[in-house]
>>> print(open('run39.txt').read())   # compact mmCIF, N, CA and C atoms
# COMPACT_ATOMS: atom_id res chain seq x y z
N MET Y 1 7.15 -17.13 -6.04
CA MET Y 1 7.76 -18.46 -6.05
C MET Y 1 8.91 -18.56 -5.04
N GLU Y 2 9.67 -17.49 -4.92
CA GLU Y 2 10.80 -17.54 -4.00
C GLU Y 2 10.33 -17.77 -2.56
N ARG Y 3 9.29 -17.06 -2.17
CA ARG Y 3 8.77 -17.24 -0.80
C ARG Y 3 8.26 -18.67 -0.60
N LEU Y 4 7.64 -19.22 -1.62
CA LEU Y 4 7.15 -20.60 -1.54
C LEU Y 4 8.32 -21.58 -1.40
N ARG Y 5 9.41 -21.32 -2.12
CA ARG Y 5 10.60 -22.18 -1.99
C ARG Y 5 11.17 -22.12 -0.57
N VAL Y 6 11.23 -20.92 -0.02
CA VAL Y 6 11.74 -20.76 1.35
C VAL Y 6 10.85 -21.50 2.34
N ASP Y 7 9.54 -21.31 2.20
CA ASP Y 7 8.60 -21.99 3.09
C ASP Y 7 8.71 -23.51 2.95
N LYS Y 8 8.87 -23.99 1.73
CA LYS Y 8 8.99 -25.44 1.50
C LYS Y 8 10.28 -25.97 2.13
N ALA Y 9 11.37 -25.21 2.02
CA ALA Y 9 12.63 -25.62 2.65
C ALA Y 9 12.47 -25.68 4.17
N ASP Y 10 11.77 -24.70 4.75
CA ASP Y 10 11.50 -24.72 6.19
C ASP Y 10 10.67 -25.95 6.57
N PHE Y 11 9.67 -26.26 5.75
CA PHE Y 11 8.84 -27.44 6.01
C PHE Y 11 9.68 -28.71 5.95
N ASP Y 12 10.53 -28.82 4.93
CA ASP Y 12 11.37 -30.01 4.80
C ASP Y 12 12.29 -30.16 6.01
N ARG Y 13 12.85 -29.05 6.50
CA ARG Y 13 13.71 -29.12 7.69
C ARG Y 13 12.91 -29.56 8.92
N ALA Y 14 11.72 -29.00 9.08
CA ALA Y 14 10.88 -29.37 10.24
C ALA Y 14 10.48 -30.83 10.16
N GLN Y 15 10.18 -31.29 8.97
CA GLN Y 15 9.80 -32.70 8.79
C GLN Y 15 10.98 -33.62 9.09
N ASN Y 16 12.15 -33.22 8.65
CA ASN Y 16 13.36 -34.01 8.90
C ASN Y 16 13.65 -34.05 10.40
N SER Y 17 13.54 -32.91 11.07
CA SER Y 17 13.77 -32.87 12.52
C SER Y 17 12.78 -33.76 13.26
N PHE Y 18 11.53 -33.72 12.83
CA PHE Y 18 10.52 -34.57 13.46
C PHE Y 18 10.84 -36.05 13.25
N SER Y 19 11.23 -36.40 12.03
CA SER Y 19 11.59 -37.80 11.73
C SER Y 19 12.77 -38.26 12.59
N GLN Y 20 13.76 -37.38 12.75
CA GLN Y 20 14.91 -37.73 13.58
C GLN Y 20 14.49 -37.92 15.04
N LEU Y 21 13.59 -37.07 15.49
CA LEU Y 21 13.09 -37.19 16.86
C LEU Y 21 12.35 -38.51 17.05
N MET Y 22 11.62 -38.93 16.05
CA MET Y 22 10.89 -40.21 16.13
C MET Y 22 11.85 -41.38 16.31
N ASP Y 23 13.07 -41.23 15.81
CA ASP Y 23 14.06 -42.31 15.93
C ASP Y 23 14.76 -42.33 17.29
N LYS Y 24 14.58 -41.28 18.08
CA LYS Y 24 15.20 -41.22 19.41
C LYS Y 24 14.34 -42.01 20.39
N PRO Y 25 14.92 -43.01 21.03
CA PRO Y 25 14.11 -43.79 21.98
C PRO Y 25 13.73 -43.03 23.24
N ALA Y 26 14.49 -42.01 23.61
CA ALA Y 26 14.24 -41.32 24.87
C ALA Y 26 13.64 -39.92 24.68
N ALA Y 27 13.08 -39.64 23.54
CA ALA Y 27 12.49 -38.32 23.30
C ALA Y 27 11.27 -38.13 24.18
N GLY Y 28 11.17 -36.96 24.78
CA GLY Y 28 10.08 -36.69 25.69
C GLY Y 28 8.88 -36.05 24.99
N GLU Y 29 7.77 -36.07 25.69
CA GLU Y 29 6.54 -35.52 25.12
C GLU Y 29 6.67 -34.03 24.83
N ARG Y 30 7.35 -33.31 25.69
CA ARG Y 30 7.55 -31.87 25.49
C ARG Y 30 8.34 -31.60 24.19
N GLU Y 31 9.36 -32.42 23.96
CA GLU Y 31 10.16 -32.31 22.74
C GLU Y 31 9.28 -32.57 21.51
N PHE Y 32 8.46 -33.60 21.61
CA PHE Y 32 7.56 -33.92 20.51
C PHE Y 32 6.55 -32.80 20.27
N ALA Y 33 6.01 -32.25 21.33
CA ALA Y 33 5.04 -31.16 21.18
C ALA Y 33 5.67 -29.98 20.46
N ARG Y 34 6.89 -29.65 20.81
CA ARG Y 34 7.59 -28.54 20.17
C ARG Y 34 7.84 -28.85 18.68
N ALA Y 35 8.26 -30.08 18.39
CA ALA Y 35 8.53 -30.49 17.01
C ALA Y 35 7.25 -30.50 16.18
N VAL Y 36 6.16 -30.96 16.77
CA VAL Y 36 4.87 -30.97 16.07
C VAL Y 36 4.42 -29.53 15.78
N ASP Y 37 4.59 -28.64 16.75
CA ASP Y 37 4.23 -27.23 16.53
C ASP Y 37 5.02 -26.65 15.36
N GLN Y 38 6.31 -26.92 15.33
CA GLN Y 38 7.16 -26.40 14.25
C GLN Y 38 6.75 -26.99 12.90
N LEU Y 39 6.48 -28.28 12.90
CA LEU Y 39 6.09 -28.95 11.66
C LEU Y 39 4.76 -28.42 11.14
N GLU Y 40 3.79 -28.29 12.01
CA GLU Y 40 2.47 -27.82 11.58
C GLU Y 40 2.49 -26.36 11.16
N LEU Y 41 3.29 -25.54 11.83
CA LEU Y 41 3.43 -24.14 11.42
C LEU Y 41 4.07 -24.06 10.04
N ALA Y 42 5.08 -24.87 9.81
CA ALA Y 42 5.73 -24.88 8.49
C ALA Y 42 4.75 -25.36 7.41
N ARG Y 43 3.95 -26.37 7.72
CA ARG Y 43 2.95 -26.87 6.77
C ARG Y 43 1.93 -25.77 6.45
N TYR Y 44 1.48 -25.06 7.49
CA TYR Y 44 0.54 -23.95 7.33
C TYR Y 44 1.14 -22.86 6.43
N ASN Y 45 2.40 -22.51 6.66
CA ASN Y 45 3.04 -21.45 5.88
C ASN Y 45 3.14 -21.83 4.40
N VAL Y 46 3.45 -23.08 4.11
CA VAL Y 46 3.51 -23.53 2.71
C VAL Y 46 2.13 -23.43 2.08
N SER Y 47 1.14 -23.90 2.78
CA SER Y 47 -0.22 -23.88 2.25
C SER Y 47 -0.71 -22.45 2.03
N LYS Y 48 -0.45 -21.59 3.00
CA LYS Y 48 -0.88 -20.20 2.89
C LYS Y 48 -0.20 -19.51 1.71
N GLU Y 49 1.11 -19.69 1.58
CA GLU Y 49 1.84 -19.02 0.49
C GLU Y 49 1.38 -19.55 -0.87
N ARG Y 50 1.13 -20.85 -0.96
CA ARG Y 50 0.63 -21.42 -2.22
C ARG Y 50 -0.74 -20.82 -2.57
N THR Y 51 -1.60 -20.72 -1.59
CA THR Y 51 -2.93 -20.15 -1.83
C THR Y 51 -2.84 -18.68 -2.24
N MET Y 52 -1.99 -17.93 -1.56
CA MET Y 52 -1.83 -16.52 -1.92
C MET Y 52 -1.24 -16.37 -3.32
N MET Y 53 -0.34 -17.25 -3.69
CA MET Y 53 0.23 -17.23 -5.03
C MET Y 53 -0.88 -17.46 -6.07
N LEU Y 54 -1.76 -18.41 -5.79
CA LEU Y 54 -2.87 -18.69 -6.71
C LEU Y 54 -3.82 -17.51 -6.80
N VAL Y 55 -4.05 -16.83 -5.68
CA VAL Y 55 -4.91 -15.63 -5.68
C VAL Y 55 -4.28 -14.55 -6.55
N ARG Y 56 -2.98 -14.34 -6.40
CA ARG Y 56 -2.29 -13.32 -7.21
C ARG Y 56 -2.33 -13.68 -8.69
N ILE Y 57 -2.12 -14.94 -9.02
CA ILE Y 57 -2.18 -15.38 -10.42
C ILE Y 57 -3.59 -15.14 -10.96
N HIS Y 58 -4.57 -15.58 -10.20
CA HIS Y 58 -5.97 -15.46 -10.63
C HIS Y 58 -6.36 -14.00 -10.88
N SER Y 59 -5.82 -13.10 -10.08
CA SER Y 59 -6.20 -11.68 -10.18
C SER Y 59 -5.72 -11.01 -11.46
N VAL Y 60 -4.72 -11.59 -12.12
CA VAL Y 60 -4.20 -10.96 -13.34
C VAL Y 60 -4.68 -11.67 -14.62
N LEU Y 61 -5.42 -12.75 -14.46
CA LEU Y 61 -5.90 -13.49 -15.63
C LEU Y 61 -7.17 -12.86 -16.19
N THR Y 62 -7.30 -12.97 -17.51
CA THR Y 62 -8.55 -12.57 -18.15
C THR Y 62 -9.58 -13.67 -17.91
N PRO Y 63 -10.87 -13.38 -18.12
CA PRO Y 63 -11.89 -14.43 -17.96
C PRO Y 63 -11.60 -15.65 -18.83
N GLU Y 64 -11.12 -15.43 -20.04
CA GLU Y 64 -10.80 -16.56 -20.93
C GLU Y 64 -9.64 -17.39 -20.36
N GLN Y 65 -8.63 -16.72 -19.83
CA GLN Y 65 -7.50 -17.43 -19.24
C GLN Y 65 -7.93 -18.20 -17.99
N ARG Y 66 -8.85 -17.63 -17.24
CA ARG Y 66 -9.36 -18.33 -16.05
C ARG Y 66 -10.07 -19.62 -16.44
N LYS Y 67 -10.83 -19.57 -17.53
CA LYS Y 67 -11.50 -20.79 -18.02
C LYS Y 67 -10.48 -21.83 -18.42
N GLY Y 68 -9.42 -21.39 -19.10
CA GLY Y 68 -8.36 -22.32 -19.49
C GLY Y 68 -7.67 -22.93 -18.28
N LEU Y 69 -7.42 -22.11 -17.28
CA LEU Y 69 -6.79 -22.60 -16.05
C LEU Y 69 -7.69 -23.61 -15.35
N GLU Y 70 -8.97 -23.34 -15.32
CA GLU Y 70 -9.93 -24.27 -14.71
C GLU Y 70 -9.95 -25.60 -15.46
N ALA Y 71 -9.86 -25.54 -16.78
CA ALA Y 71 -9.82 -26.78 -17.58
C ALA Y 71 -8.57 -27.59 -17.26
N ILE Y 72 -7.45 -26.91 -17.10
CA ILE Y 72 -6.20 -27.60 -16.74
C ILE Y 72 -6.33 -28.22 -15.36
N ARG Y 73 -6.91 -27.48 -14.40
CA ARG Y 73 -7.08 -28.00 -13.04
C ARG Y 73 -7.93 -29.26 -13.04
N LYS Y 74 -9.04 -29.22 -13.81
CA LYS Y 74 -9.92 -30.39 -13.88
C LYS Y 74 -9.22 -31.58 -14.52
N ARG Y 75 -8.45 -31.31 -15.56
CA ARG Y 75 -7.72 -32.39 -16.24
C ARG Y 75 -6.71 -33.01 -15.28
N ASN Y 76 -5.97 -32.17 -14.56
CA ASN Y 76 -4.99 -32.68 -13.60
C ASN Y 76 -5.66 -33.46 -12.47
N GLU Y 77 -6.80 -32.98 -12.02
CA GLU Y 77 -7.56 -33.67 -10.98
C GLU Y 77 -8.00 -35.05 -11.47
N GLY Y 78 -8.45 -35.11 -12.72
CA GLY Y 78 -8.84 -36.39 -13.32
C GLY Y 78 -7.68 -37.34 -13.44
N ASP Y 79 -6.51 -36.81 -13.81
CA ASP Y 79 -5.30 -37.64 -13.91
C ASP Y 79 -4.93 -38.22 -12.55
N ARG Y 80 -5.03 -37.42 -11.49
CA ARG Y 80 -4.72 -37.89 -10.13
C ARG Y 80 -5.70 -38.98 -9.72
N ASP Y 81 -6.98 -38.79 -10.04
CA ASP Y 81 -7.99 -39.78 -9.68
C ASP Y 81 -7.72 -41.12 -10.35
N ARG Y 82 -7.28 -41.09 -11.58
CA ARG Y 82 -7.02 -42.33 -12.32
C ARG Y 82 -5.77 -43.04 -11.80
N GLN Y 83 -4.84 -42.30 -11.22
CA GLN Y 83 -3.59 -42.88 -10.71
C GLN Y 83 -3.81 -43.60 -9.38
N HIS Y 84 -4.89 -43.27 -8.67
CA HIS Y 84 -5.13 -43.87 -7.34
C HIS Y 84 -6.10 -44.96 -7.44
>>> encode(input="run39.txt", output="structure tokens")
Amino acid sequence: MERLRVDKADFDRAQNSFSQLMDKPAAGEREFARAVDQLELARYNVSKERTMMLVRIHSVLTPEQRKGLEAIRKRNEGDRDRQH
């Protein structure tokens, strides 16, 4: 969880920097390219760490616990579908 928090904070900073750059009328393409690279790398790191965390969790669960987790995932997915 700690690594995920760090990665999320990095992502938030990159996103904020990109947003600030968007507000600059004279920002150049090279500046934007650098900001996009930083933002996408931060997004990738968050996604990767989240996936690895799920792999680690999954590896310690019993088959019964995995079924329970799958039921929770499906329920949450259904809740999201109904909200949109």
>>> atom_distance(input="run39.txt", atom1="CA of Ala35 (chain Y)", atom2="CA of Val6 (chain Y)")
18.7 Å
>>> atom_distance(input="run39.txt", atom1="CA of Gln20 (chain Y)", atom2="atom N of Arg3 (chain Y)")
26.6 Å
>>> atom_distance(input="run39.txt", atom1="atom C of Thr51 (chain Y)", atom2="CA of Phe11 (chain Y)")
16.8 Å
>>> closest_residue(input="run39.txt", among="Y:Glu29, Y:Glu77, Y:Glu70, Y:Glu2", to="His58 (chain Y)", atoms="only C-alpha atoms")
Y:Glu70
>>> residues_near_point(input="run39.txt", point="(8.9, -30.7, 13.8)", cutoff="8 Å", atoms="only N, CA and C atoms", output="PyMOL selection string")
chain Y and resi 13-19+31-41
>>> closest_residue(input="run39.txt", among="Y:Asp81, Y:Arg43, Y:Val55, Y:Val60", to="Ala9 (chain Y)", atoms="only C-alpha atoms")
Y:Arg43
>>> closest_residue(input="run39.txt", among="Y:Val46, Y:Arg56, Y:Gly78, Y:Gln83", to="Arg5 (chain Y)", atoms="only N, CA and C atoms")
Y:Val46
>>> decode(input="run39.txt", residues="region 46-77 of chain Y", atoms="N, CA, C and O atoms", output="short mmCIF file (atom, residue, chain, number, x, y, z; two decimals), in the first residue's frame")
data_model
loop_
_atom_site.label_atom_id
_atom_site.label_comp_id
_atom_site.auth_asym_id
_atom_site.auth_seq_id
_atom_site.Cartn_x
_atom_site.Cartn_y
_atom_site.Cartn_z
N VAL Y 46 1.32 3.68 -11.32
CA VAL Y 46 0.17 3.43 -10.43
C VAL Y 46 -0.54 2.15 -10.85
O VAL Y 46 -0.85 1.29 -10.01
N SER Y 47 -0.77 2.00 -12.12
CA SER Y 47 -1.46 0.81 -12.62
C SER Y 47 -0.67 -0.46 -12.34
O SER Y 47 -1.22 -1.48 -11.89
N LYS Y 48 0.63 -0.40 -12.60
CA LYS Y 48 1.48 -1.56 -12.37
C LYS Y 48 1.50 -1.95 -10.90
O LYS Y 48 1.36 -3.12 -10.56
N GLU Y 49 1.67 -0.97 -10.02
CA GLU Y 49 1.73 -1.28 -8.58
C GLU Y 49 0.40 -1.82 -8.08
O GLU Y 49 0.36 -2.76 -7.29
N ARG Y 50 -0.71 -1.28 -8.57
CA ARG Y 50 -2.03 -1.79 -8.19
C ARG Y 50 -2.18 -3.24 -8.64
O ARG Y 50 -2.64 -4.09 -7.88
N THR Y 51 -1.78 -3.53 -9.86
CA THR Y 51 -1.89 -4.89 -10.37
C THR Y 51 -1.00 -5.85 -9.58
O THR Y 51 -1.44 -6.96 -9.22
N MET Y 52 0.21 -5.43 -9.28
CA MET Y 52 1.10 -6.29 -8.49
C MET Y 52 0.56 -6.52 -7.09
O MET Y 52 0.68 -7.61 -6.54
N MET Y 53 -0.06 -5.50 -6.51
CA MET Y 53 -0.67 -5.65 -5.20
C MET Y 53 -1.79 -6.70 -5.26
O MET Y 53 -1.90 -7.57 -4.38
N LEU Y 54 -2.59 -6.65 -6.30
CA LEU Y 54 -3.67 -7.63 -6.47
C LEU Y 54 -3.12 -9.04 -6.65
O LEU Y 54 -3.67 -10.01 -6.12
N VAL Y 55 -2.01 -9.16 -7.38
CA VAL Y 55 -1.37 -10.46 -7.57
C VAL Y 55 -0.89 -11.00 -6.22
O VAL Y 55 -1.09 -12.17 -5.89
N ARG Y 56 -0.26 -10.15 -5.42
CA ARG Y 56 0.23 -10.58 -4.10
C ARG Y 56 -0.93 -10.98 -3.20
O ARG Y 56 -0.86 -11.98 -2.49
N ILE Y 57 -2.01 -10.22 -3.22
CA ILE Y 57 -3.19 -10.56 -2.41
C ILE Y 57 -3.75 -11.90 -2.87
O ILE Y 57 -4.02 -12.78 -2.05
N HIS Y 58 -3.91 -12.05 -4.16
CA HIS Y 58 -4.48 -13.27 -4.73
C HIS Y 58 -3.66 -14.50 -4.36
O HIS Y 58 -4.20 -15.57 -4.10
N SER Y 59 -2.35 -14.33 -4.29
CA SER Y 59 -1.46 -15.48 -4.04
C SER Y 59 -1.57 -16.03 -2.62
O SER Y 59 -1.19 -17.17 -2.38
N VAL Y 60 -2.11 -15.24 -1.70
CA VAL Y 60 -2.21 -15.73 -0.31
C VAL Y 60 -3.64 -16.15 0.05
O VAL Y 60 -3.86 -16.65 1.16
N LEU Y 61 -4.57 -15.98 -0.86
CA LEU Y 61 -5.96 -16.35 -0.57
C LEU Y 61 -6.19 -17.83 -0.81
O LEU Y 61 -5.62 -18.43 -1.70
N THR Y 62 -7.10 -18.38 0.00
CA THR Y 62 -7.54 -19.75 -0.23
C THR Y 62 -8.53 -19.74 -1.40
O THR Y 62 -9.06 -18.68 -1.76
N PRO Y 63 -8.80 -20.90 -2.00
CA PRO Y 63 -9.79 -20.94 -3.09
C PRO Y 63 -11.15 -20.36 -2.66
O PRO Y 63 -11.80 -19.66 -3.44
N GLU Y 64 -11.56 -20.63 -1.44
CA GLU Y 64 -12.84 -20.09 -0.95
C GLU Y 64 -12.78 -18.56 -0.86
O GLU Y 64 -13.74 -17.86 -1.22
N GLN Y 65 -11.67 -18.04 -0.37
CA GLN Y 65 -11.52 -16.59 -0.28
C GLN Y 65 -11.49 -15.95 -1.66
O GLN Y 65 -12.02 -14.86 -1.86
N ARG Y 66 -10.88 -16.63 -2.61
CA ARG Y 66 -10.85 -16.11 -3.99
C ARG Y 66 -12.25 -16.01 -4.56
O ARG Y 66 -12.58 -15.05 -5.25
N LYS Y 67 -13.09 -17.01 -4.27
CA LYS Y 67 -14.49 -16.96 -4.73
C LYS Y 67 -15.21 -15.78 -4.11
O LYS Y 67 -15.97 -15.06 -4.78
N GLY Y 68 -14.97 -15.56 -2.82
CA GLY Y 68 -15.59 -14.41 -2.14
C GLY Y 68 -15.13 -13.09 -2.73
O GLY Y 68 -15.93 -12.17 -2.92
N LEU Y 69 -13.84 -13.00 -3.02
CA LEU Y 69 -13.30 -11.79 -3.63
C LEU Y 69 -13.90 -11.55 -5.01
O LEU Y 69 -14.23 -10.42 -5.37
N GLU Y 70 -14.06 -12.61 -5.77
CA GLU Y 70 -14.67 -12.50 -7.10
C GLU Y 70 -16.12 -12.02 -6.99
O GLU Y 70 -16.57 -11.19 -7.79
N ALA Y 71 -16.83 -12.51 -5.99
CA ALA Y 71 -18.22 -12.08 -5.78
C ALA Y 71 -18.27 -10.58 -5.45
O ALA Y 71 -19.13 -9.85 -5.95
N ILE Y 72 -17.34 -10.13 -4.63
CA ILE Y 72 -17.28 -8.70 -4.29
C ILE Y 72 -16.97 -7.88 -5.53
O ILE Y 72 -17.59 -6.84 -5.78
N ARG Y 73 -16.01 -8.35 -6.35
CA ARG Y 73 -15.64 -7.63 -7.57
C ARG Y 73 -16.84 -7.49 -8.50
O ARG Y 73 -17.12 -6.42 -9.03
N LYS Y 74 -17.59 -8.60 -8.67
CA LYS Y 74 -18.76 -8.57 -9.54
C LYS Y 74 -19.83 -7.63 -9.00
O LYS Y 74 -20.47 -6.90 -9.76
N ARG Y 75 -20.02 -7.65 -7.69
CA ARG Y 75 -21.02 -6.76 -7.08
C ARG Y 75 -20.62 -5.31 -7.29
O ARG Y 75 -21.44 -4.47 -7.66
N ASN Y 76 -19.34 -4.99 -7.06
CA ASN Y 76 -18.87 -3.62 -7.26
C ASN Y 76 -18.98 -3.19 -8.72
O ASN Y 76 -19.33 -2.06 -9.02
N GLU Y 77 -18.69 -4.11 -9.62
CA GLU Y 77 -18.80 -3.82 -11.05
C GLU Y 77 -20.26 -3.51 -11.41
O GLU Y 77 -20.54 -2.59 -12.16
#
